[in-house]
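Source file: protein_2.cif; contents: mmCIF, C-alpha atoms, pLDDT in the B column; chains and numbers go by the auth columns.
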data_data
loop_
_atom_site.group_PDB
_atom_site.id
_atom_site.type_symbol
_atom_site.label_atom_id
_atom_site.label_comp_id
_atom_site.label_asym_id
_atom_site.label_seq_id
_atom_site.Cartn_x
_atom_site.Cartn_y
_atom_site.Cartn_z
_atom_site.B_iso_or_equiv
_atom_site.auth_seq_id
_atom_site.auth_asym_id
ATOM 1 C CA MET A 1 -1.161 8.273 1.697 50.00 1 A
ATOM 2 C CA ALA A 2 -0.540 7.713 5.405 56.00 2 A
ATOM 3 C CA PRO A 3 -3.800 9.424 6.554 73.00 3 A
ATOM 4 C CA ILE A 4 -6.035 6.948 4.714 74.00 4 A
ATOM 5 C CA VAL A 5 -4.174 4.010 6.256 76.00 5 A
ATOM 6 C CA VAL A 6 -4.664 5.472 9.730 81.00 6 A
ATOM 7 C CA ILE A 7 -8.343 6.191 9.037 82.00 7 A
ATOM 8 C CA ILE A 8 -8.990 2.661 7.767 81.00 8 A
ATOM 9 C CA PHE A 9 -7.163 1.223 10.777 81.00 9 A
ATOM 10 C CA VAL A 10 -9.324 3.244 13.194 84.00 10 A
ATOM 11 C CA VAL A 11 -12.509 2.224 11.357 82.00 11 A
ATOM 12 C CA PHE A 12 -11.389 -1.416 11.452 81.00 12 A
ATOM 13 C CA VAL A 13 -10.741 -1.295 15.211 81.00 13 A
ATOM 14 C CA LEU A 14 -14.184 0.209 15.784 83.00 14 A
ATOM 15 C CA PHE A 15 -15.767 -2.284 13.380 81.00 15 A
ATOM 16 C CA THR A 16 -14.414 -5.209 15.401 81.00 16 A
ATOM 17 C CA ARG A 17 -16.969 -4.290 18.047 80.00 17 A
ATOM 18 C CA VAL A 18 -19.629 -5.183 15.498 80.00 18 A
ATOM 19 C CA LEU A 19 -17.953 -8.240 13.964 78.00 19 A
ATOM 20 C CA PHE A 20 -17.062 -9.846 17.280 79.00 20 A
ATOM 21 C CA ARG A 21 -19.844 -8.490 19.459 78.00 21 A
ATOM 22 C CA ASN A 22 -20.670 -11.992 20.741 77.00 22 A
ATOM 23 C CA SER A 23 -17.056 -12.719 21.665 75.00 23 A
ATOM 24 C CA LEU A 24 -16.083 -9.384 23.190 74.00 24 A
ATOM 25 C CA GLN A 25 -17.800 -10.001 26.502 76.00 25 A
ATOM 26 C CA TYR A 26 -16.589 -8.887 29.901 75.00 26 A
ATOM 27 C CA HIS A 27 -15.695 -11.736 32.251 77.00 27 A
ATOM 28 C CA GLU A 28 -14.432 -10.714 35.641 80.00 28 A
ATOM 29 C CA GLU A 29 -12.446 -13.926 36.165 80.00 29 A
ATOM 30 C CA HIS A 30 -10.614 -13.427 32.839 78.00 30 A
ATOM 31 C CA VAL A 31 -9.720 -9.859 33.742 80.00 31 A
ATOM 32 C CA ALA A 32 -8.437 -10.972 37.126 82.00 32 A
ATOM 33 C CA ALA A 33 -6.306 -13.684 35.513 81.00 33 A
ATOM 34 C CA VAL A 34 -4.749 -11.193 33.091 80.00 34 A
ATOM 35 C CA THR A 35 -4.044 -8.529 35.698 81.00 35 A
ATOM 36 C CA ALA A 36 -2.432 -11.172 37.915 80.00 36 A
ATOM 37 C CA LEU A 37 0.166 -11.989 35.272 78.00 37 A
ATOM 38 C CA GLN A 38 3.740 -10.952 36.053 75.00 38 A
ATOM 39 C CA GLU A 39 5.396 -10.297 32.701 73.00 39 A
ATOM 40 C CA ARG A 40 8.900 -10.164 34.160 75.00 40 A
ATOM 41 C CA ARG A 41 8.613 -13.766 35.288 75.00 41 A
ATOM 42 C CA ALA A 42 8.579 -14.834 31.645 75.00 42 A
ATOM 43 C CA ILE A 43 12.174 -13.551 31.276 77.00 43 A
ATOM 44 C CA THR A 44 14.261 -16.265 32.869 77.00 44 A
ATOM 45 C CA ASP A 45 17.583 -15.241 31.278 78.00 45 A
ATOM 46 C CA PRO A 46 17.993 -11.474 30.734 82.00 46 A
ATOM 47 C CA ARG A 47 21.471 -11.862 29.199 85.00 47 A
ATOM 48 C CA LEU A 48 20.163 -14.324 26.631 84.00 48 A
ATOM 49 C CA LEU A 49 17.334 -11.920 25.836 85.00 49 A
ATOM 50 C CA VAL A 50 19.827 -9.123 25.137 87.00 50 A
ATOM 51 C CA ARG A 51 21.957 -11.348 22.890 87.00 51 A
ATOM 52 C CA CYS A 52 18.942 -12.570 20.918 86.00 52 A
ATOM 53 C CA LEU A 53 17.620 -9.027 20.502 90.00 53 A
ATOM 54 C CA ALA A 54 21.022 -7.969 19.155 90.00 54 A
ATOM 55 C CA VAL A 55 20.925 -10.773 16.580 90.00 55 A
ATOM 56 C CA LEU A 56 17.355 -9.826 15.662 91.00 56 A
ATOM 57 C CA VAL A 57 18.337 -6.178 15.104 92.00 57 A
ATOM 58 C CA VAL A 58 21.203 -7.206 12.827 91.00 58 A
ATOM 59 C CA VAL A 59 18.893 -9.499 10.834 90.00 59 A
ATOM 60 C CA VAL A 60 16.282 -6.751 10.396 90.00 60 A
ATOM 61 C CA VAL A 61 18.950 -4.291 9.232 91.00 61 A
ATOM 62 C CA ALA A 62 20.319 -6.917 6.829 89.00 62 A
ATOM 63 C CA PHE A 63 16.827 -7.386 5.411 86.00 63 A
ATOM 64 C CA GLY A 64 16.673 -3.678 4.675 86.00 64 A
ATOM 65 C CA LEU A 65 20.142 -3.643 3.090 85.00 65 A
ATOM 66 C CA HIS A 66 19.920 -6.930 1.171 79.00 66 A
ATOM 67 C CA ALA A 67 19.745 -5.097 -2.174 77.00 67 A
ATOM 68 C CA VAL A 68 22.844 -3.083 -1.304 82.00 68 A
ATOM 69 C CA VAL A 69 24.946 -6.050 -0.192 79.00 69 A
ATOM 70 C CA HIS A 70 23.473 -8.259 -2.937 83.00 70 A
ATOM 71 C CA THR A 71 22.299 -10.961 -0.557 82.00 71 A
ATOM 72 C CA GLU A 72 18.943 -12.695 -0.837 84.00 72 A
ATOM 73 C CA PRO A 73 16.587 -12.274 2.157 83.00 73 A
ATOM 74 C CA SER A 74 16.367 -16.066 2.439 82.00 74 A
ATOM 75 C CA ILE A 75 20.131 -16.237 3.037 88.00 75 A
ATOM 76 C CA VAL A 76 19.865 -13.483 5.648 87.00 76 A
ATOM 77 C CA ALA A 77 17.077 -15.373 7.412 86.00 77 A
ATOM 78 C CA LEU A 78 18.952 -18.693 7.414 87.00 78 A
ATOM 79 C CA VAL A 79 22.192 -17.128 8.644 89.00 79 A
ATOM 80 C CA GLY A 80 20.277 -15.243 11.328 87.00 80 A
ATOM 81 C CA ALA A 81 18.569 -18.473 12.446 86.00 81 A
ATOM 82 C CA GLY A 82 21.932 -20.231 12.631 86.00 82 A
ATOM 83 C CA VAL A 83 23.507 -17.430 14.657 87.00 83 A
ATOM 84 C CA MET A 84 20.493 -17.408 16.962 85.00 84 A
ATOM 85 C CA LEU A 85 20.973 -21.137 17.615 85.00 85 A
ATOM 86 C CA LEU A 86 24.643 -20.558 18.439 85.00 86 A
ATOM 87 C CA VAL A 87 23.896 -17.602 20.694 83.00 87 A
ATOM 88 C CA SER A 88 21.076 -19.319 22.568 81.00 88 A
ATOM 89 C CA ARG A 89 22.847 -22.714 22.680 81.00 89 A
ATOM 90 C CA SER A 90 19.491 -24.358 22.079 77.00 90 A
ATOM 91 C CA ASN A 91 19.010 -28.015 21.307 79.00 91 A
ATOM 92 C CA VAL A 92 18.553 -28.271 17.528 77.00 92 A
ATOM 93 C CA HIS A 93 16.180 -31.220 17.865 80.00 93 A
ATOM 94 C CA ASP A 94 13.905 -29.290 20.229 78.00 94 A
ATOM 95 C CA VAL A 95 13.935 -26.246 17.959 78.00 95 A
ATOM 96 C CA LEU A 96 13.008 -28.300 14.891 78.00 96 A
ATOM 97 C CA ASN A 97 10.039 -29.736 16.769 79.00 97 A
ATOM 98 C CA GLU A 98 8.789 -26.174 17.317 74.00 98 A
ATOM 99 C CA VAL A 99 8.865 -25.295 13.599 76.00 99 A
ATOM 100 C CA GLU A 100 5.445 -24.937 11.952 71.00 100 A
ATOM 101 C CA TRP A 101 6.123 -27.589 9.308 77.00 101 A
ATOM 102 C CA PRO A 102 2.514 -27.751 7.975 75.00 102 A
ATOM 103 C CA THR A 103 2.636 -23.984 7.416 69.00 103 A
ATOM 104 C CA LEU A 104 5.961 -24.183 5.572 77.00 104 A
ATOM 105 C CA VAL A 105 4.744 -27.033 3.359 80.00 105 A
ATOM 106 C CA PHE A 106 1.609 -25.055 2.586 73.00 106 A
ATOM 107 C CA PHE A 107 3.689 -22.073 1.453 71.00 107 A
ATOM 108 C CA MET A 108 5.854 -24.317 -0.695 78.00 108 A
ATOM 109 C CA GLY A 109 2.779 -25.508 -2.543 79.00 109 A
ATOM 110 C CA LEU A 110 1.341 -22.008 -2.786 71.00 110 A
ATOM 111 C CA PHE A 111 4.532 -20.520 -4.226 73.00 111 A
ATOM 112 C CA VAL A 112 4.840 -23.404 -6.689 81.00 112 A
ATOM 113 C CA MET A 113 1.282 -22.804 -7.869 76.00 113 A
ATOM 114 C CA VAL A 114 1.757 -19.046 -8.297 70.00 114 A
ATOM 115 C CA ALA A 115 5.111 -19.563 -10.032 76.00 115 A
ATOM 116 C CA GLY A 116 3.441 -22.058 -12.363 81.00 116 A
ATOM 117 C CA LEU A 117 0.788 -19.512 -13.283 75.00 117 A
ATOM 118 C CA ALA A 118 3.516 -16.944 -13.911 72.00 118 A
ATOM 119 C CA HIS A 119 5.783 -19.185 -16.010 81.00 119 A
ATOM 120 C CA THR A 120 2.908 -20.524 -18.109 84.00 120 A
ATOM 121 C CA GLY A 121 1.933 -16.942 -18.940 77.00 121 A
ATOM 122 C CA VAL A 122 -1.500 -16.969 -17.299 75.00 122 A
ATOM 123 C CA ILE A 123 -0.936 -13.909 -15.112 67.00 123 A
ATOM 124 C CA GLU A 124 0.873 -12.028 -17.879 68.00 124 A
ATOM 125 C CA ALA A 125 -1.987 -12.803 -20.282 75.00 125 A
ATOM 126 C CA ILE A 126 -4.460 -11.382 -17.786 68.00 126 A
ATOM 127 C CA GLY A 127 -2.368 -8.209 -17.444 64.00 127 A
ATOM 128 C CA THR A 128 -2.038 -7.792 -21.215 70.00 128 A
ATOM 129 C CA TRP A 129 -5.757 -8.302 -21.654 74.00 129 A
ATOM 130 C CA ALA A 130 -6.460 -5.694 -18.977 68.00 130 A
ATOM 131 C CA VAL A 131 -4.219 -3.128 -20.717 66.00 131 A
ATOM 132 C CA ASP A 132 -6.010 -3.686 -24.029 72.00 132 A
ATOM 133 C CA VAL A 133 -9.456 -3.414 -22.461 73.00 133 A
ATOM 134 C CA LEU A 134 -8.808 -0.369 -20.282 68.00 134 A
ATOM 135 C CA GLY A 135 -7.054 1.715 -22.922 67.00 135 A
ATOM 136 C CA ASP A 136 -6.530 5.286 -21.709 74.00 136 A
ATOM 137 C CA ASN A 137 -9.329 5.222 -19.122 79.00 137 A
ATOM 138 C CA TYR A 138 -7.000 5.535 -16.155 81.00 138 A
ATOM 139 C CA PHE A 139 -9.715 5.920 -13.547 85.00 139 A
ATOM 140 C CA LEU A 140 -11.131 2.599 -14.686 85.00 140 A
ATOM 141 C CA ALA A 141 -7.595 1.203 -14.654 83.00 141 A
ATOM 142 C CA ALA A 142 -7.066 2.352 -11.045 86.00 142 A
ATOM 143 C CA THR A 143 -10.435 0.940 -10.032 88.00 143 A
ATOM 144 C CA SER A 144 -9.691 -2.373 -11.720 85.00 144 A
ATOM 145 C CA LEU A 145 -6.247 -2.568 -10.128 85.00 145 A
ATOM 146 C CA LEU A 146 -7.638 -1.790 -6.695 88.00 146 A
ATOM 147 C CA PHE A 147 -10.564 -4.192 -6.685 88.00 147 A
ATOM 148 C CA GLY A 148 -8.873 -6.773 -8.910 84.00 148 A
ATOM 149 C CA SER A 149 -5.801 -6.920 -6.680 84.00 149 A
ATOM 150 C CA SER A 150 -8.026 -7.126 -3.632 86.00 150 A
ATOM 151 C CA ALA A 151 -10.012 -10.030 -5.100 83.00 151 A
ATOM 152 C CA LEU A 152 -6.990 -11.956 -6.389 80.00 152 A
ATOM 153 C CA GLY A 153 -4.940 -11.151 -3.307 77.00 153 A
ATOM 154 C CA ALA A 154 -7.658 -12.707 -1.157 77.00 154 A
ATOM 155 C CA PHE A 155 -7.129 -16.139 -2.699 77.00 155 A
ATOM 156 C CA PHE A 156 -3.399 -16.044 -3.498 72.00 156 A
ATOM 157 C CA ASP A 157 -0.693 -15.089 -1.079 70.00 157 A
ATOM 158 C CA ASN A 158 -0.218 -11.355 -1.675 71.00 158 A
ATOM 159 C CA ILE A 159 3.606 -11.487 -1.605 73.00 159 A
ATOM 160 C CA PRO A 160 4.066 -13.675 -4.712 71.00 160 A
ATOM 161 C CA TYR A 161 1.061 -11.948 -6.287 75.00 161 A
ATOM 162 C CA ILE A 162 2.680 -8.513 -5.931 78.00 162 A
ATOM 163 C CA ALA A 163 6.039 -9.823 -7.147 72.00 163 A
ATOM 164 C CA THR A 164 4.344 -11.273 -10.233 72.00 164 A
ATOM 165 C CA MET A 165 2.049 -8.366 -11.043 77.00 165 A
ATOM 166 C CA ALA A 166 4.498 -5.513 -10.366 76.00 166 A
ATOM 167 C CA PRO A 167 6.136 -5.723 -13.828 72.00 167 A
ATOM 168 C CA ILE A 168 2.697 -5.687 -15.456 76.00 168 A
ATOM 169 C CA VAL A 169 1.663 -2.592 -13.494 80.00 169 A
ATOM 170 C CA GLU A 170 4.989 -0.995 -14.382 77.00 170 A
ATOM 171 C CA GLY A 171 4.212 -1.553 -18.048 72.00 171 A
ATOM 172 C CA VAL A 172 0.790 0.068 -17.661 76.00 172 A
ATOM 173 C CA VAL A 173 2.240 3.047 -15.758 78.00 173 A
ATOM 174 C CA ALA A 174 4.891 3.508 -18.477 75.00 174 A
ATOM 175 C CA GLN A 175 2.094 4.337 -20.931 74.00 175 A
ATOM 176 C CA VAL A 176 0.591 6.997 -18.654 76.00 176 A
ATOM 177 C CA PRO A 177 1.514 10.543 -19.719 77.00 177 A
ATOM 178 C CA ASP A 178 0.828 12.092 -16.299 80.00 178 A
ATOM 179 C CA PRO A 179 3.119 11.075 -13.375 82.00 179 A
ATOM 180 C CA GLN A 180 0.330 11.871 -10.913 83.00 180 A
ATOM 181 C CA THR A 181 -1.941 9.348 -12.610 82.00 181 A
ATOM 182 C CA GLY A 182 0.860 6.810 -12.605 84.00 182 A
ATOM 183 C CA GLN A 183 1.192 7.300 -8.869 87.00 183 A
ATOM 184 C CA ALA A 184 -2.534 6.689 -8.512 87.00 184 A
ATOM 185 C CA LEU A 185 -2.198 3.370 -10.345 87.00 185 A
ATOM 186 C CA TRP A 186 0.671 2.252 -8.126 89.00 186 A
ATOM 187 C CA TRP A 187 -1.222 3.137 -4.965 89.00 187 A
ATOM 188 C CA ALA A 188 -4.369 1.429 -6.225 88.00 188 A
ATOM 189 C CA PHE A 189 -2.344 -1.707 -6.871 88.00 189 A
ATOM 190 C CA ALA A 190 -0.566 -1.584 -3.494 87.00 190 A
ATOM 191 C CA LEU A 191 -3.673 -0.864 -1.440 88.00 191 A
ATOM 192 C CA GLY A 192 -5.752 -3.509 -3.212 88.00 192 A
ATOM 193 C CA ALA A 193 -3.132 -6.224 -2.760 85.00 193 A
ATOM 194 C CA ASP A 194 -2.559 -5.218 0.843 85.00 194 A
ATOM 195 C CA PHE A 195 -6.198 -5.172 1.923 87.00 195 A
ATOM 196 C CA GLY A 196 -6.875 -8.336 -0.057 85.00 196 A
ATOM 197 C CA GLY A 197 -4.512 -10.050 2.373 83.00 197 A
ATOM 198 C CA ASN A 198 -7.267 -9.846 4.992 83.00 198 A
ATOM 199 C CA GLY A 199 -9.766 -11.735 2.858 82.00 199 A
ATOM 200 C CA THR A 200 -9.050 -15.411 3.488 82.00 200 A
ATOM 201 C CA ALA A 201 -6.830 -17.603 5.611 79.00 201 A
ATOM 202 C CA VAL A 202 -4.391 -18.125 2.713 74.00 202 A
ATOM 203 C CA ALA A 203 -4.253 -14.513 1.560 76.00 203 A
ATOM 204 C CA ALA A 204 -1.249 -13.507 3.651 76.00 204 A
ATOM 205 C CA SER A 205 1.647 -15.231 5.347 74.00 205 A
ATOM 206 C CA ALA A 206 0.678 -13.728 8.695 78.00 206 A
ATOM 207 C CA ASN A 207 -2.780 -15.312 8.456 81.00 207 A
ATOM 208 C CA VAL A 208 -1.395 -18.802 7.919 78.00 208 A
ATOM 209 C CA VAL A 209 1.180 -18.461 10.680 79.00 209 A
ATOM 210 C CA ALA A 210 -1.350 -17.074 13.172 82.00 210 A
ATOM 211 C CA ILE A 211 -3.853 -19.847 12.413 83.00 211 A
ATOM 212 C CA GLY A 212 -1.107 -22.446 12.840 80.00 212 A
ATOM 213 C CA ILE A 213 -0.103 -21.031 16.221 81.00 213 A
ATOM 214 C CA ALA A 214 -3.751 -20.841 17.311 83.00 214 A
ATOM 215 C CA ALA A 215 -4.336 -24.478 16.327 82.00 215 A
ATOM 216 C CA ARG A 216 -1.227 -25.574 18.224 79.00 216 A
ATOM 217 C CA THR A 217 -2.578 -23.935 21.400 79.00 217 A
ATOM 218 C CA GLY A 218 -5.976 -25.575 21.064 81.00 218 A
ATOM 219 C CA HIS A 219 -7.905 -22.783 19.291 81.00 219 A
ATOM 220 C CA LYS A 220 -8.622 -24.131 15.827 84.00 220 A
ATOM 221 C CA ILE A 221 -9.746 -21.547 13.246 82.00 221 A
ATOM 222 C CA SER A 222 -11.188 -23.035 10.080 82.00 222 A
ATOM 223 C CA PHE A 223 -10.743 -21.549 6.620 81.00 223 A
ATOM 224 C CA TRP A 224 -14.401 -20.519 6.374 85.00 224 A
ATOM 225 C CA GLN A 225 -14.517 -19.177 9.912 82.00 225 A
ATOM 226 C CA PHE A 226 -11.661 -16.826 9.078 85.00 226 A
ATOM 227 C CA THR A 227 -13.050 -15.960 5.648 85.00 227 A
ATOM 228 C CA ARG A 228 -16.492 -15.111 7.002 85.00 228 A
ATOM 229 C CA TYR A 229 -14.990 -12.132 8.810 85.00 229 A
ATOM 230 C CA GLY A 230 -12.076 -11.475 6.478 85.00 230 A
ATOM 231 C CA ILE A 231 -14.183 -10.863 3.386 86.00 231 A
ATOM 232 C CA VAL A 232 -16.262 -8.259 5.203 86.00 232 A
ATOM 233 C CA VAL A 233 -13.118 -6.438 6.378 86.00 233 A
ATOM 234 C CA THR A 234 -11.589 -6.608 2.883 87.00 234 A
ATOM 235 C CA VAL A 235 -14.678 -5.207 1.167 88.00 235 A
ATOM 236 C CA LEU A 236 -14.981 -2.349 3.659 88.00 236 A
ATOM 237 C CA SER A 237 -11.287 -1.370 3.577 87.00 237 A
ATOM 238 C CA THR A 238 -11.041 -1.668 -0.220 89.00 238 A
ATOM 239 C CA ALA A 239 -14.109 0.524 -0.697 90.00 239 A
ATOM 240 C CA MET A 240 -12.606 3.185 1.567 89.00 240 A
ATOM 241 C CA ALA A 241 -9.297 2.988 -0.300 88.00 241 A
ATOM 242 C CA TRP A 242 -11.103 3.373 -3.646 91.00 242 A
ATOM 243 C CA LEU A 243 -12.931 6.447 -2.350 90.00 243 A
ATOM 244 C CA TYR A 244 -9.629 7.962 -1.268 89.00 244 A
ATOM 245 C CA VAL A 245 -7.894 7.276 -4.598 88.00 245 A
ATOM 246 C CA TRP A 246 -10.849 8.741 -6.488 90.00 246 A
ATOM 247 C CA LEU A 247 -11.010 11.900 -4.362 87.00 247 A
ATOM 248 C CA ARG A 248 -7.256 12.524 -4.384 87.00 248 A
ATOM 249 C CA TYR A 249 -6.312 11.713 -7.964 85.00 249 A
ATOM 250 C CA PHE A 250 -9.398 11.913 -10.163 85.00 250 A
ATOM 251 C CA THR A 251 -11.567 14.769 -8.876 81.00 251 A
#
Write the structure described by the file as structure tokens, please.
Amino acid sequence: MAPIVVIIFVVFVLFTRVLFRNSLQYHEEHVAAVTALQERRAITDPRLLVRCLAVLVVVVVAFGLHAVVHTEPSIVALVGAGVMLLVSRSNVHDVLNEVEWPTLVFFMGLFVMVAGLAHTGVIEAIGTWAVDVLGDNYFLAATSLLFGSSALGAFFDNIPYIATMAPIVEGVVAQVPDPQTGQALWWAFALGADFGGNGTAVAASANVVAIGIAARTGHKISFWQFTRYGIVVTVLSTAMAWLYVWLRYFT
């Protein structure tokens, strides 16, 4: 599956020349300002950098092993943040002022909304309905998973969406007699949810965080400004992913 991801990435990079043709202009003074930057001057305390990198490596490893050590990722993140404060000896008040509180509150509301849809049975009802409608037409099922996940993932954060829909997809795959077809359904689901994360400003955690950082530095990006480009990228990448799934698994 890796080749299609690389191909879509290359196409996306080339496509940015079309999407942002008015912004990607050469300005000699901007180039001079960038080339004049001395990156080493940004490191004022090399020893602190080494200590923080060590803590970061341990946190990343703990994230990967959280299922083995039976520790929730949230606990790993909080412990890592606490250790980082101790290592850096930072002022807690100053650090709290740097936290993107509007972004965190937004995610709280988003997760509550998605959890509400899950607990009230709305998402499960949609999955059950889809199984009944699709029957044993697995190509249609893969297509629906791919484009459906892309569409829904563009308006709901794709992390809670995947966590909610994964059991439903597992139930559909359990009814598939051919393991190869089951693999196609899983990849259709994963690719659709992933590329749907490019659709709108709220579709992925990275989008919200990046927009918050941009706004804090004086470059405000509105929801519709982001979506105007994101939808185009999502449609293009999802169509390419569908073509790949069709050629590999159903021809």
Selection result for the PyMOL selection byres ((chain A and resi 182) around 10) on this file, as a list in words: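 Against this file, the PyMOL selection byres ((chain A and resi 182) around 10) returns the residues Tyr138, Ala142, Val169, Glu170, Val172, Val173, Ala174, Gln175, Val176, Pro177, Asp178, Pro179, Gln180, Thr181, Gln183, Ala184, Leu185, Trp186, Trp187, Ala188 and Tyr249 of chain A.
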Distance criterion (all atoms listed in the file): nearest to A:Leu117 out of A:Ala203, A:Ala67, A:Met165, A:Leu24: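 The answer is A:Met165, which sits nearest to A:Leu117.
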Would you kindly return, as an mmCIF file with C-alpha atoms, in the coordinates of the input, each protein, DNA or RNA residue with an atom no farther than 10 Å from any atom of stretch 99-102 of chain A, considering all atoms listed in the file and excluding same-chain residues fewer than 6 positions away?
data_model
loop_
_atom_site.group_PDB
_atom_site.id
_atom_site.type_symbol
_atom_site.label_atom_id
_atom_site.label_comp_id
_atom_site.auth_asym_id
_atom_site.auth_seq_id
_atom_site.Cartn_x
_atom_site.Cartn_y
_atom_site.Cartn_z
ATOM 1 C CA MET A 108 5.854 -24.317 -0.695
ATOM 2 C CA VAL A 208 -1.395 -18.802 7.919
ATOM 3 C CA VAL A 209 1.180 -18.461 10.680
ATOM 4 C CA GLY A 212 -1.107 -22.446 12.840
ATOM 5 C CA ILE A 213 -0.103 -21.031 16.221
ATOM 6 C CA ARG A 216 -1.227 -25.574 18.224
#
List the residues selected by the PyMOL selection byres ((chain A and resi 162) around 12) in the file shown, writing them as number ranges by chain. A: 114, 118, 123, 145, 149-150, 152-153, 156-161, 163-170, 186, 189-194, 196-197, 203-204
Those selected residues, please, written with C-alpha atoms and delivered as a compact mmCIF listing (two decimals), keeping the file's coordinate frame.
# COMPACT_ATOMS: atom_id res chain seq x y z
CA VAL A 114 1.76 -19.05 -8.30
CA ALA A 118 3.52 -16.94 -13.91
CA ILE A 123 -0.94 -13.91 -15.11
CA LEU A 145 -6.25 -2.57 -10.13
CA SER A 149 -5.80 -6.92 -6.68
CA SER A 150 -8.03 -7.13 -3.63
CA LEU A 152 -6.99 -11.96 -6.39
CA GLY A 153 -4.94 -11.15 -3.31
CA PHE A 156 -3.40 -16.04 -3.50
CA ASP A 157 -0.69 -15.09 -1.08
CA ASN A 158 -0.22 -11.36 -1.68
CA ILE A 159 3.61 -11.49 -1.60
CA PRO A 160 4.07 -13.68 -4.71
CA TYR A 161 1.06 -11.95 -6.29
CA ALA A 163 6.04 -9.82 -7.15
CA THR A 164 4.34 -11.27 -10.23
CA MET A 165 2.05 -8.37 -11.04
CA ALA A 166 4.50 -5.51 -10.37
CA PRO A 167 6.14 -5.72 -13.83
CA ILE A 168 2.70 -5.69 -15.46
CA VAL A 169 1.66 -2.59 -13.49
CA GLU A 170 4.99 -1.00 -14.38
CA TRP A 186 0.67 2.25 -8.13
CA PHE A 189 -2.34 -1.71 -6.87
CA ALA A 190 -0.57 -1.58 -3.49
CA LEU A 191 -3.67 -0.86 -1.44
CA GLY A 192 -5.75 -3.51 -3.21
CA ALA A 193 -3.13 -6.22 -2.76
CA ASP A 194 -2.56 -5.22 0.84
CA GLY A 196 -6.88 -8.34 -0.06
CA GLY A 197 -4.51 -10.05 2.37
CA ALA A 203 -4.25 -14.51 1.56
CA ALA A 204 -1.25 -13.51 3.65
Name the residues that the PyMOL selection byres ((chain A and resi 70-81) around 12) pulls out of this structure, and write them as a VMD selection string. chain A and resid 52 to 69 82 to 90 92 95 to 96 99
Could you work out how far atom CA of A:Phe155 lies from atom CA of A:Thr200, giving the answer in Å with one decimal? 6.5 Å
I'd like the interatomic distance between atom CA of A:Val232 and atom CA of A:Leu110, to a tenth of an Å. 23.7 Å
Counting all atoms listed in the file, figure out which residue out of A:Leu247, A:Val235, A:Val34, A:Ile7 gets nearest to A:Leu146. A:Val235
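Going from atom CA of A:His219 over to atom CA of A:Asn22, you cover 16.8 Å.
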